[in-house]
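The file protein-v9.txt contains compact mmCIF, C-alpha atoms:
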```txt
# COMPACT_ATOMS: atom_id res chain seq x y z
CA MET A 1 -15.99 24.52 -8.47
CA SER A 2 -14.06 21.88 -10.41
CA THR A 3 -11.90 19.10 -9.06
CA CYS A 4 -9.51 16.64 -10.68
CA VAL A 5 -9.12 13.23 -9.03
CA ILE A 6 -6.00 11.36 -10.14
CA GLY A 7 -6.38 7.59 -9.97
CA ALA A 8 -9.33 5.19 -10.01
CA GLY A 9 -8.20 2.60 -7.53
CA LEU A 10 -9.79 2.22 -4.12
CA SER A 11 -8.76 5.71 -2.94
CA GLY A 12 -9.77 7.47 -6.15
CA LEU A 13 -13.17 5.79 -6.19
CA ALA A 14 -13.71 6.75 -2.55
CA ALA A 15 -12.93 10.36 -3.44
CA ALA A 16 -15.21 10.28 -6.48
CA HIS A 17 -18.08 8.81 -4.46
CA ALA A 18 -17.75 11.45 -1.72
CA LEU A 19 -17.62 14.29 -4.26
CA ARG A 20 -20.58 13.06 -6.30
CA ARG A 21 -22.65 12.56 -3.17
CA ARG A 22 -22.14 16.24 -2.29
CA GLY A 23 -22.67 17.54 -5.81
CA VAL A 24 -19.06 18.62 -6.40
CA ASP A 25 -18.11 18.85 -10.08
CA PHE A 26 -15.15 16.57 -10.83
CA VAL A 27 -13.37 14.35 -13.32
CA CYS A 28 -11.34 11.25 -12.44
CA LEU A 29 -8.30 10.46 -14.61
CA GLU A 30 -6.96 6.89 -14.73
CA GLN A 31 -4.13 5.73 -16.97
CA ALA A 32 -5.20 2.06 -16.93
CA PRO A 33 -7.96 0.63 -19.16
CA ASP A 34 -10.24 0.07 -16.15
CA VAL A 35 -10.70 0.88 -12.49
CA GLY A 36 -9.15 -1.28 -9.77
CA GLY A 37 -5.67 0.08 -9.12
CA ILE A 38 -3.30 -2.55 -7.74
CA TRP A 39 -6.03 -5.20 -7.81
CA ARG A 40 -6.35 -5.20 -11.58
CA LEU A 41 -3.95 -7.60 -13.29
CA PRO A 42 -1.69 -5.80 -15.78
CA GLY A 43 -2.41 -6.44 -19.43
CA ALA A 44 0.06 -7.43 -22.12
CA GLY A 45 3.10 -5.15 -22.07
CA GLU A 46 1.84 -3.33 -18.98
CA ARG A 47 3.71 -3.28 -15.67
CA GLY A 48 1.82 -3.56 -12.42
CA PRO A 49 2.09 -4.72 -8.83
CA ALA A 50 -0.69 -7.33 -9.06
CA TYR A 51 0.25 -11.01 -9.50
CA ARG A 52 -2.02 -14.01 -10.01
CA SER A 53 -1.76 -15.34 -6.45
CA LEU A 54 -2.62 -11.98 -4.87
CA HIS A 55 -5.41 -12.09 -2.27
CA LEU A 56 -6.73 -9.70 0.33
CA ASN A 57 -4.98 -9.80 3.68
CA SER A 58 -7.84 -7.87 5.28
CA ALA A 59 -11.37 -9.15 5.82
CA LYS A 60 -13.89 -8.34 3.11
CA GLN A 61 -16.24 -6.68 5.66
CA LEU A 62 -13.68 -3.92 6.26
CA THR A 63 -12.15 -3.83 2.76
CA GLY A 64 -15.41 -3.21 0.93
CA PHE A 65 -16.95 0.26 1.00
CA ALA A 66 -19.41 0.86 3.83
CA ASP A 67 -22.22 1.91 1.44
CA HIS A 68 -21.69 -1.04 -0.93
CA PRO A 69 -20.47 -4.18 0.87
CA MET A 70 -18.77 -7.06 -0.89
CA ALA A 71 -21.02 -9.96 -1.86
CA GLU A 72 -21.82 -12.49 0.84
CA ASP A 73 -20.79 -15.41 -1.38
CA LEU A 74 -17.22 -14.12 -1.65
CA PRO A 75 -14.67 -15.72 0.70
CA LEU A 76 -13.41 -13.77 3.69
CA TYR A 77 -10.19 -12.96 1.81
CA PRO A 78 -11.08 -12.64 -1.90
CA ARG A 79 -8.51 -12.96 -4.69
CA HIS A 80 -7.38 -10.07 -6.85
CA GLY A 81 -9.89 -10.65 -9.66
CA ASP A 82 -12.82 -10.60 -7.23
CA VAL A 83 -11.58 -7.36 -5.70
CA ALA A 84 -11.09 -5.73 -9.11
CA ALA A 85 -14.59 -6.81 -10.20
CA TYR A 86 -16.00 -5.48 -6.92
CA LEU A 87 -14.36 -2.08 -7.44
CA ARG A 88 -15.81 -1.96 -10.96
CA SER A 89 -19.27 -2.80 -9.58
CA PHE A 90 -18.88 -0.05 -6.99
CA ALA A 91 -18.06 2.49 -9.69
CA GLU A 92 -21.20 1.45 -11.58
CA TRP A 93 -23.40 1.40 -8.47
CA ALA A 94 -22.18 4.83 -7.32
CA GLY A 95 -22.74 6.41 -10.76
CA LEU A 96 -19.08 7.23 -11.24
CA LEU A 97 -18.55 5.96 -14.78
CA PRO A 98 -19.59 9.23 -16.51
CA HIS A 99 -16.91 11.02 -14.48
CA LEU A 100 -14.09 8.61 -15.41
CA GLU A 101 -11.55 9.15 -18.16
CA LEU A 102 -9.76 5.83 -18.57
CA ARG A 103 -6.53 5.29 -20.52
CA THR A 104 -5.59 8.84 -19.56
CA GLY A 105 -2.30 9.46 -17.79
CA VAL A 106 -1.38 12.66 -15.98
CA LEU A 107 1.80 14.29 -17.26
CA ALA A 108 1.95 17.40 -15.09
CA VAL A 109 0.10 19.24 -12.34
CA ARG A 110 1.20 22.86 -11.96
CA PRO A 111 -0.11 25.63 -9.67
CA GLU A 112 -1.56 28.80 -11.21
CA PRO A 113 -0.37 32.19 -9.87
CA ASP A 114 -3.94 33.21 -9.01
CA GLY A 115 -4.86 29.86 -7.45
CA GLY A 116 -6.06 26.69 -9.09
CA TRP A 117 -4.09 24.05 -10.94
CA LEU A 118 -3.24 23.28 -14.55
CA VAL A 119 -3.42 19.54 -15.26
CA THR A 120 -1.83 18.17 -18.43
CA SER A 121 -3.05 14.71 -19.41
CA ARG A 122 -2.49 12.39 -22.34
CA THR A 123 -4.58 9.50 -23.63
CA ASP A 124 -2.97 6.24 -24.77
CA SER A 125 -3.63 7.38 -28.34
CA GLY A 126 -1.31 10.35 -27.74
CA ALA A 127 -3.87 13.16 -27.49
CA GLU A 128 -2.80 15.75 -24.91
CA ARG A 129 -5.10 18.11 -23.04
CA VAL A 130 -4.51 20.95 -20.56
CA ARG A 131 -7.30 21.86 -18.14
CA ARG A 132 -7.64 24.20 -15.18
CA PHE A 133 -9.08 22.90 -11.90
CA ASP A 134 -9.75 24.58 -8.58
CA GLN A 135 -8.61 21.47 -6.69
CA VAL A 136 -6.55 18.36 -7.34
CA ILE A 137 -6.90 15.17 -5.31
CA VAL A 138 -3.95 12.82 -5.76
CA ALA A 139 -5.20 9.26 -5.21
CA SER A 140 -2.81 7.39 -7.49
CA GLY A 141 -1.15 5.33 -4.77
CA HIS A 142 2.55 4.71 -4.33
CA HIS A 143 3.13 1.37 -6.04
CA SER A 144 4.30 2.62 -9.42
CA GLU A 145 8.10 3.06 -9.11
CA PRO A 146 9.93 -0.07 -7.95
CA ALA A 147 12.66 0.32 -5.35
CA LEU A 148 15.74 -1.73 -6.12
CA PRO A 149 18.96 -1.96 -4.10
CA GLY A 150 22.23 -0.83 -5.62
CA PRO A 151 24.03 -3.29 -7.92
CA LEU A 152 25.66 -6.21 -6.12
CA PRO A 153 29.27 -7.21 -6.69
CA GLY A 154 29.32 -9.44 -9.75
CA ALA A 155 25.81 -8.47 -10.88
CA ALA A 156 26.99 -7.66 -14.41
CA GLY A 157 28.14 -11.22 -14.88
CA PHE A 158 25.12 -12.95 -13.36
CA THR A 159 23.78 -15.43 -15.89
CA GLY A 160 20.25 -15.57 -14.51
CA ARG A 161 17.31 -13.20 -14.67
CA ILE A 162 16.88 -10.31 -12.21
CA LEU A 163 13.44 -8.73 -11.80
CA HIS A 164 11.32 -6.75 -9.37
CA SER A 165 8.02 -8.00 -7.96
CA MET A 166 6.30 -5.46 -10.22
CA ASP A 167 7.32 -7.63 -13.18
CA PHE A 168 6.30 -10.95 -11.59
CA LEU A 169 3.01 -12.46 -12.73
CA GLU A 170 2.90 -16.11 -11.70
CA GLY A 171 5.11 -18.88 -10.38
CA ARG A 172 4.52 -21.28 -13.28
CA GLU A 173 6.69 -19.04 -15.46
CA PHE A 174 9.63 -20.32 -13.36
CA ALA A 175 8.75 -24.02 -13.45
CA GLY A 176 11.82 -26.16 -12.78
CA GLN A 177 14.03 -23.15 -12.06
CA ARG A 178 16.05 -22.20 -8.97
CA VAL A 179 14.76 -18.87 -7.68
CA VAL A 180 15.86 -16.50 -4.91
CA VAL A 181 13.21 -14.16 -3.52
CA VAL A 182 14.57 -11.10 -1.71
CA GLY A 183 12.51 -9.55 1.10
CA LEU A 184 10.05 -10.47 3.82
CA GLY A 185 7.14 -8.14 3.10
CA ALA A 186 3.70 -9.06 1.79
CA SER A 187 4.72 -9.51 -1.85
CA ALA A 188 7.86 -11.48 -0.90
CA VAL A 189 6.02 -14.11 1.11
CA ASP A 190 3.19 -14.34 -1.46
CA ILE A 191 5.60 -14.76 -4.37
CA ALA A 192 7.81 -17.24 -2.50
CA ALA A 193 4.72 -19.30 -1.69
CA ASP A 194 3.59 -19.24 -5.33
CA LEU A 195 7.06 -20.15 -6.61
CA SER A 196 7.38 -23.05 -4.17
CA ARG A 197 4.63 -24.88 -6.10
CA HIS A 198 6.45 -24.63 -9.43
CA ALA A 199 10.16 -23.89 -9.01
CA ALA A 200 12.78 -26.57 -8.48
CA ARG A 201 13.97 -24.65 -5.41
CA THR A 202 12.80 -21.46 -3.70
CA LEU A 203 15.14 -19.53 -1.42
CA LEU A 204 13.96 -16.55 0.66
CA SER A 205 16.75 -14.04 1.31
CA VAL A 206 16.02 -11.92 4.40
CA ARG A 207 18.17 -9.01 5.56
CA ARG A 208 16.06 -7.81 8.48
CA GLY A 209 13.56 -9.64 10.63
CA LEU A 210 9.90 -8.62 10.58
CA HIS A 211 6.92 -9.73 12.60
CA ILE A 212 4.94 -12.29 10.59
CA VAL A 213 1.31 -12.28 11.68
CA PRO A 214 -1.33 -14.84 10.63
CA LYS A 215 -4.54 -13.51 9.14
CA GLN A 216 -6.44 -14.55 12.25
CA LEU A 217 -5.63 -14.65 15.95
CA HIS A 218 -7.95 -16.51 18.32
CA GLY A 219 -10.19 -17.12 15.31
CA ILE A 220 -10.67 -13.40 14.62
CA SER A 221 -9.37 -11.59 11.53
CA VAL A 222 -6.49 -9.37 12.70
CA ASP A 223 -7.88 -6.25 11.00
CA LEU A 224 -11.18 -6.76 12.82
CA ILE A 225 -9.16 -6.92 16.04
CA ALA A 226 -7.34 -3.71 15.08
CA GLU A 227 -10.69 -1.85 14.93
CA ALA A 228 -12.43 -3.55 17.86
CA PRO A 229 -13.26 -1.12 20.71
CA TRP A 230 -11.95 -3.58 23.33
CA PHE A 231 -8.56 -3.51 21.55
CA THR A 232 -8.31 0.16 20.59
CA ALA A 233 -9.18 1.14 24.18
CA LYS A 234 -5.96 -0.51 25.39
CA PRO A 235 -2.79 1.61 25.74
CA LEU A 236 -0.13 0.83 23.12
CA GLU A 237 1.99 -1.25 25.50
CA GLU A 238 -1.00 -3.40 26.45
CA GLN A 239 -1.85 -3.88 22.77
CA ARG A 240 1.71 -5.00 22.15
CA ARG A 241 1.69 -7.48 25.02
CA TRP A 242 -1.63 -8.96 23.91
CA VAL A 243 -0.45 -9.44 20.30
CA GLU A 244 3.00 -10.74 21.28
CA GLU A 245 1.48 -13.37 23.58
CA ALA A 246 -1.01 -14.40 20.90
CA LEU A 247 1.78 -14.68 18.31
CA LEU A 248 3.96 -16.76 20.60
CA VAL A 249 1.11 -19.25 20.96
CA ALA A 250 0.13 -19.16 17.28
CA ARG A 251 3.55 -19.54 15.65
CA GLY A 252 6.42 -19.40 18.16
CA ARG A 253 9.53 -17.34 17.44
CA MET A 254 10.90 -16.30 14.06
CA SER A 255 14.23 -17.95 14.84
CA ASP A 256 12.37 -21.28 15.08
CA TYR A 257 11.99 -21.05 11.29
CA GLY A 258 15.55 -19.95 10.51
CA LEU A 259 14.46 -16.32 10.11
CA PRO A 260 16.09 -13.39 11.93
CA GLU A 261 14.25 -12.16 15.00
CA PRO A 262 12.78 -8.64 14.54
CA ASP A 263 14.98 -5.93 16.06
CA HIS A 264 11.91 -3.93 17.07
CA ALA A 265 8.70 -4.35 19.04
CA ILE A 266 5.43 -5.14 17.26
CA PHE A 267 3.75 -1.95 15.91
CA SER A 268 7.16 -0.25 15.60
CA SER A 269 7.45 -1.18 11.93
CA ALA A 270 5.29 -2.73 9.24
CA VAL A 271 4.14 -6.29 9.86
CA THR A 272 3.80 -9.06 7.29
CA ILE A 273 0.45 -10.85 7.13
CA SER A 274 0.70 -14.46 5.98
CA ASP A 275 -0.88 -17.81 6.76
CA GLU A 276 1.41 -19.73 4.40
CA ILE A 277 5.06 -18.78 4.54
CA LEU A 278 5.97 -20.23 7.94
CA SER A 279 4.26 -23.53 7.15
CA LEU A 280 6.08 -23.72 3.80
CA ILE A 281 9.39 -23.12 5.54
CA ARG A 282 8.59 -25.90 8.03
CA HIS A 283 7.79 -28.23 5.13
CA GLY A 284 11.02 -27.37 3.29
CA ALA A 285 9.23 -25.83 0.31
CA VAL A 286 10.83 -22.43 1.02
CA LEU A 287 14.36 -22.22 2.39
CA PRO A 288 15.40 -19.10 4.37
CA ARG A 289 18.77 -17.49 3.65
CA PRO A 290 20.43 -14.28 4.92
CA ALA A 291 21.13 -11.20 2.80
CA ILE A 292 22.81 -11.53 -0.60
CA THR A 293 26.40 -10.25 -0.63
CA GLY A 294 27.36 -10.90 -4.25
CA LEU A 295 26.82 -12.77 -7.50
CA GLU A 296 29.19 -14.92 -9.53
CA GLY A 297 28.05 -16.47 -12.77
CA ASP A 298 24.97 -18.45 -11.84
CA ARG A 299 25.78 -18.42 -8.10
CA VAL A 300 24.35 -16.21 -5.38
CA ARG A 301 26.47 -15.65 -2.27
CA PHE A 302 24.93 -14.95 1.12
CA ALA A 303 26.08 -13.14 4.26
CA ASP A 304 26.69 -16.40 6.17
CA GLY A 305 29.27 -17.50 3.58
CA SER A 306 26.98 -19.98 1.84
CA ALA A 307 26.17 -19.92 -1.87
CA ALA A 308 23.53 -21.37 -4.18
CA GLU A 309 22.97 -21.67 -7.91
CA ALA A 310 20.09 -19.55 -9.19
CA ASP A 311 18.25 -19.03 -12.46
CA ALA A 312 16.39 -15.94 -11.25
CA ILE A 313 16.30 -13.38 -8.45
CA VAL A 314 13.01 -11.65 -7.63
CA TYR A 315 13.44 -8.44 -5.63
CA CYS A 316 10.42 -7.81 -3.42
CA THR A 317 11.92 -4.64 -2.03
CA GLY A 318 8.97 -2.30 -2.22
CA PHE A 319 8.32 0.92 -4.08
CA ARG A 320 9.52 4.50 -4.07
CA MET A 321 6.91 7.01 -2.98
CA ALA A 322 6.98 9.17 -6.09
CA PHE A 323 4.56 11.48 -7.89
CA PRO A 324 6.51 12.51 -11.01
CA PHE A 325 3.69 14.69 -12.35
CA LEU A 326 3.87 17.07 -9.35
CA PRO A 327 6.27 20.03 -9.17
CA ALA A 328 9.40 19.79 -7.03
CA GLY A 329 9.27 21.02 -3.46
CA LEU A 330 5.95 19.44 -2.53
CA PRO A 331 5.59 17.65 0.82
CA ALA A 332 5.42 14.18 -0.75
CA GLU A 333 8.69 13.48 -2.53
CA PRO A 334 10.95 10.43 -2.74
CA GLU A 335 13.44 9.90 0.08
CA ARG A 336 11.80 12.51 2.31
CA PRO A 337 9.29 12.20 5.15
CA VAL A 338 5.78 13.05 3.97
CA GLU A 339 4.67 16.37 5.48
CA LEU A 340 0.90 16.62 5.16
CA TYR A 341 -1.67 18.00 7.58
CA ARG A 342 -3.76 15.06 8.77
CA ARG A 343 -1.78 13.08 6.16
CA ILE A 344 -3.91 14.76 3.47
CA VAL A 345 -3.33 18.51 3.04
CA ALA A 346 -0.28 20.38 1.76
CA PRO A 347 -0.30 23.47 4.02
CA ASP A 348 1.40 25.80 1.54
CA ARG A 349 -0.37 24.52 -1.57
CA PRO A 350 -4.07 25.45 -1.36
CA GLY A 351 -6.31 23.06 -3.25
CA LEU A 352 -3.94 20.08 -3.29
CA TYR A 353 -4.97 16.94 -1.37
CA PHE A 354 -3.64 13.39 -1.05
CA LEU A 355 -5.83 10.35 -0.40
CA GLY A 356 -4.62 6.90 0.60
CA LEU A 357 -1.07 8.03 1.38
CA ILE A 358 -1.16 6.18 4.70
CA ARG A 359 -0.05 2.83 6.12
CA PRO A 360 -2.36 1.51 8.83
CA VAL A 361 -2.01 -1.66 10.84
CA GLY A 362 -5.31 -2.99 9.52
CA SER A 363 -7.63 -2.32 6.59
CA ILE A 364 -7.24 1.02 4.82
CA THR A 365 -10.76 1.36 3.41
CA ARG A 366 -12.58 2.99 6.33
CA LEU A 367 -9.72 5.45 6.70
CA VAL A 368 -9.77 6.38 3.01
CA GLU A 369 -13.54 6.81 3.13
CA ALA A 370 -13.13 9.16 6.11
CA GLN A 371 -10.39 11.06 4.28
CA ALA A 372 -12.60 11.43 1.21
CA ASP A 373 -15.57 12.57 3.26
CA TRP A 374 -13.48 15.20 5.06
CA VAL A 375 -12.00 16.54 1.81
CA ALA A 376 -15.49 16.72 0.26
CA ARG A 377 -16.68 18.70 3.29
CA LEU A 378 -13.73 21.06 2.88
CA LEU A 379 -14.64 21.67 -0.77
CA THR A 380 -18.29 22.40 0.04
CA GLY A 381 -17.44 24.66 2.96
CA GLU A 382 -18.91 22.32 5.58
CA ALA A 383 -15.46 22.06 7.16
CA GLY A 384 -12.49 24.38 7.19
CA LEU A 385 -8.73 24.35 7.50
CA PRO A 386 -6.73 26.14 10.19
CA ALA A 387 -3.98 28.62 9.35
CA PRO A 388 -0.85 27.18 7.67
CA ASP A 389 1.25 27.60 10.82
CA VAL A 390 -1.29 25.56 12.82
CA MET A 391 -1.19 22.84 10.15
CA ARG A 392 2.60 22.79 10.20
CA LYS A 393 2.56 22.43 13.99
CA GLU A 394 0.28 19.38 13.70
CA ILE A 395 2.64 17.89 11.11
CA ASP A 396 5.66 18.44 13.37
CA GLU A 397 3.86 16.80 16.29
CA HIS A 398 2.88 13.81 14.15
CA LEU A 399 6.42 13.35 12.83
CA GLY A 400 7.81 13.73 16.34
CA GLY A 401 5.61 10.86 17.50
CA ILE A 402 6.65 8.82 14.47
CA THR A 403 10.32 9.42 15.24
CA ARG A 404 9.93 8.22 18.81
CA ARG A 405 7.96 5.12 17.87
CA TYR A 406 9.38 4.03 14.51
CA GLY A 407 12.32 6.20 13.56
CA LEU A 408 11.67 8.75 10.82
CA SER A 409 11.73 7.81 7.13
CA THR A 410 9.58 8.22 4.04
CA GLY A 411 7.69 5.01 4.80
CA THR A 412 7.22 5.47 8.53
CA SER A 413 6.01 9.08 8.12
CA VAL A 414 2.68 7.79 6.77
CA GLN A 415 2.05 5.20 9.49
CA VAL A 416 -1.28 5.67 11.28
CA ASP A 417 -3.21 3.85 13.98
CA VAL A 418 -6.64 2.85 12.71
CA GLY A 419 -8.78 3.83 15.72
CA SER A 420 -7.25 7.18 16.64
CA TYR A 421 -6.84 8.34 13.03
CA LEU A 422 -10.41 7.41 12.15
CA ARG A 423 -11.72 9.35 15.15
CA GLU A 424 -9.59 12.34 14.23
CA LEU A 425 -11.09 12.54 10.75
CA GLN A 426 -14.67 11.87 11.82
CA GLU A 427 -14.51 14.58 14.48
CA ALA A 428 -12.86 17.16 12.21
```
structure tokens encoding of this file:
Amino acid sequence: MSTCVIGAGLSGLAAAHALRRRGVDFVCLEQAPDVGGIWRLPGAGERGPAYRSLHLNSAKQLTGFADHPMAEDLPLYPRHGDVAAYLRSFAEWAGLLPHLELRTGVLAVRPEPDGGWLVTSRTDSGAERVRRFDQVIVASGHHSEPALPGPLPGAAGFTGRILHSMDFLEGREFAGQRVVVVGLGASAVDIAADLSRHAARTLLSVRRGLHIVPKQLHGISVDLIAEAPWFTAKPLEEQRRWVEEALLVARGRMSDYGLPEPDHAIFSSAVTISDEILSLIRHGAVLPRPAITGLEGDRVRFADGSAAEADAIVYCTGFRMAFPFLPAGLPAEPERPVELYRRIVAPDRPGLYFLGLIRPVGSITRLVEAQADWVARLLTGEAGLPAPDVMRKEIDEHLGGITRRYGLSTGTSVQVDVGSYLRELQEA
């Protein structure tokens, strides 16, 4: 039995650890020079989603692997370099280094007629290699292809710089400049906060309101709340009421800060975790603005009719969920809902698994560990899969629930609740 794991970030390392622990033969391919995924700062000439001000938004107790906790002397929310070093130490502790092939990108993964998969890889020196594997575990994440809106009116004549958060490294590069940050997700509020310490002016352009949640409520880290039995035992509506009341006390309403009110209930879309952004808005360091409607020379025009001069626009508009090395027609393609049994298995593609392709409200680590453990049990025969039609029925039921709660899209199709999803995998 041979297995190819693609990616050596948190999900790939979880998969590698589970496979090694059960004696499954595998190799882990990683295109970067080291493990760490999104937590490793990109090197010279290398694009990447990590930026210098990046920190954990989830508590270290839940973000570290269960078998190898993060060091006690680390803060509750470590910075990117600490997380990357921790993931490297985990790979060493778990004996995974001999199984890693770093600086090796995957060009293509193609099914064989008689089962199995052909994986074509290439090192950064240009050497290509084709190998056959019985299974492929895709754990490369979905932060590699930036999503940008269509060109704005006047964009061709804009005299400033336009970039995506993937190309942003640190705020000091924009010292003295006038910068517009677009978005209200995690990277948008982090980057706006960083810029506010260096830029002459930082504007935050927001099209749609989101729920901004502090890292702690009632003195408890919100991801610890998300996994607490007293919280997970509550019905969804009771969970919502509890969080909404706590948020009203902790920070008031979004409109109090000049931000649009969310058009949806909490837990009906992604939330943004931040302790800083609302305080910075209150202090005038970050100035909210509505959506951008057009550009003219060095001026940015907004939906309320106002305009501002700008030297740069940073789009923090997320990423496309894309796996360009996989053949077309697979259940994880851009602009389509993800159709995977238990958010892991492609029903009509035996031997193909996805790890970490989920969005929980809370820390992802325990869920990825449970995913990895279940896949390892499948490969050793300790667990089994139902018939494809049974798997497709489960997928349809999951997507039906997603549609009712969130509205169906590529991003919402991978939403999971921490408690119920963890139980589902552990009981499988």
Which of these residues is nearest to Gly407 in chain A, using only C-alpha atoms: A:Ala199, A:Ser269, A:Ile364, A:Ala428?
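Among the listed residues, the smallest separation from Gly407 in chain A belongs to A:Ser269.
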Might you pull out every residue within 8 Å of range 50-54 of chain A, with all atoms listed in the file counted and same-chain residues fewer than 2 positions away left off, and present them as a PyMOL selection string?
chain A and resi 38-42+48+56+79-80+166+168-170+190-191+194
Nearest-residue call for Asp167 in chain A, choices A:Trp374, A:Tyr315, A:Phe65, A:Phe354, using only C-alpha atoms:
A:Tyr315
Work out how far apart CA of Arg178 in chain A and CA of Ala147 in chain A are and give it in Å to one decimal.
23.1 Å
Given only C-alpha atoms as the counted atoms, nearest of A:Gly362, A:Gly160, A:Gly95, A:Gly185 to Arg20 in chain A:
A:Gly95
How would you write as a PyMOL selection string the residues that get within 12 Å of (10.5, -26.2, 5.2) in the file's frame, counting all atoms listed in the file?
chain A and resi 193+196+201-204+256-259+276-288
Neighbours of range 399-404 of chain A within 9 Å (all atoms listed in the file; same-chain residues fewer than 2 positions away dropped), as an NGL selection string?
:A and (337-339 or 394-397 or 406-409 or 412-415)
What is the CA of Met391 in chain A-CA of Val24 in chain A distance in Å, reported with one decimal?
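Straight-line distance from CA of Met391 in chain A to CA of Val24 in chain A works out to 24.7 Å.
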Within 12 Å of Val180 in chain A using only C-alpha atoms, minus same-chain residues under 4 positions, as JSON, numbers by chain
{"A": [160, 161, 162, 163, 164, 165, 174, 188, 189, 191, 192, 193, 195, 196, 199, 200, 201, 202, 203, 204, 205, 206, 286, 287, 288, 289, 290, 291, 292, 295, 298, 299, 300, 301, 302, 307, 308, 309, 310, 311, 312, 313, 314, 315, 316]}
Could you check the closest approach to Val138 in chain A for each of A:Val35, A:Val119, A:Ala186, A:Leu217 and tell me which residue wins, using only C-alpha atoms?
A:Val119
Missing atoms in range 55-68 of chain A: fill them in up to N, CA, C and O atoms and send the result as a compact mmCIF listing (two decimals), in the coordinates of the input.
```txt
# COMPACT_ATOMS: atom_id res chain seq x y z
N HIS A 55 -4.13 -12.07 -2.99
CA HIS A 55 -5.41 -12.09 -2.27
C HIS A 55 -5.44 -10.96 -1.25
O HIS A 55 -4.39 -10.40 -0.89
N LEU A 56 -6.62 -10.64 -0.78
CA LEU A 56 -6.73 -9.70 0.33
C LEU A 56 -6.08 -10.29 1.58
O LEU A 56 -6.19 -11.50 1.83
N ASN A 57 -5.43 -9.42 2.34
CA ASN A 57 -4.98 -9.80 3.68
C ASN A 57 -5.91 -9.25 4.75
O ASN A 57 -5.73 -9.54 5.94
N SER A 58 -6.87 -8.44 4.35
CA SER A 58 -7.84 -7.87 5.28
C SER A 58 -9.22 -8.44 4.97
O SER A 58 -9.52 -8.80 3.83
N ALA A 59 -10.06 -8.54 5.99
CA ALA A 59 -11.37 -9.15 5.82
C ALA A 59 -12.24 -8.33 4.88
O ALA A 59 -12.18 -7.10 4.85
N LYS A 60 -13.07 -9.02 4.11
CA LYS A 60 -13.89 -8.34 3.11
C LYS A 60 -14.86 -7.35 3.75
O LYS A 60 -15.21 -6.33 3.13
N GLN A 61 -15.29 -7.59 5.00
CA GLN A 61 -16.24 -6.68 5.66
C GLN A 61 -15.65 -5.27 5.81
O GLN A 61 -16.37 -4.28 5.74
N LEU A 62 -14.33 -5.22 6.06
CA LEU A 62 -13.68 -3.92 6.26
C LEU A 62 -13.03 -3.40 4.98
O LEU A 62 -12.73 -2.21 4.88
N THR A 63 -12.80 -4.26 4.00
CA THR A 63 -12.15 -3.83 2.76
C THR A 63 -13.15 -3.27 1.77
O THR A 63 -12.83 -2.37 0.99
N GLY A 64 -14.37 -3.78 1.78
CA GLY A 64 -15.41 -3.21 0.93
C GLY A 64 -15.87 -1.87 1.46
O GLY A 64 -15.74 -1.57 2.66
N PHE A 65 -16.44 -1.04 0.59
CA PHE A 65 -16.95 0.26 1.00
C PHE A 65 -18.18 0.08 1.89
O PHE A 65 -18.98 -0.85 1.70
N ALA A 66 -18.32 0.97 2.85
CA ALA A 66 -19.41 0.86 3.83
C ALA A 66 -20.78 0.91 3.15
O ALA A 66 -21.70 0.20 3.57
N ASP A 67 -20.92 1.75 2.11
CA ASP A 67 -22.22 1.91 1.44
C ASP A 67 -22.52 0.80 0.43
O ASP A 67 -23.64 0.72 -0.08
N HIS A 68 -21.52 -0.02 0.12
CA HIS A 68 -21.69 -1.04 -0.93
C HIS A 68 -20.83 -2.25 -0.56
O HIS A 68 -19.76 -2.45 -1.12
```
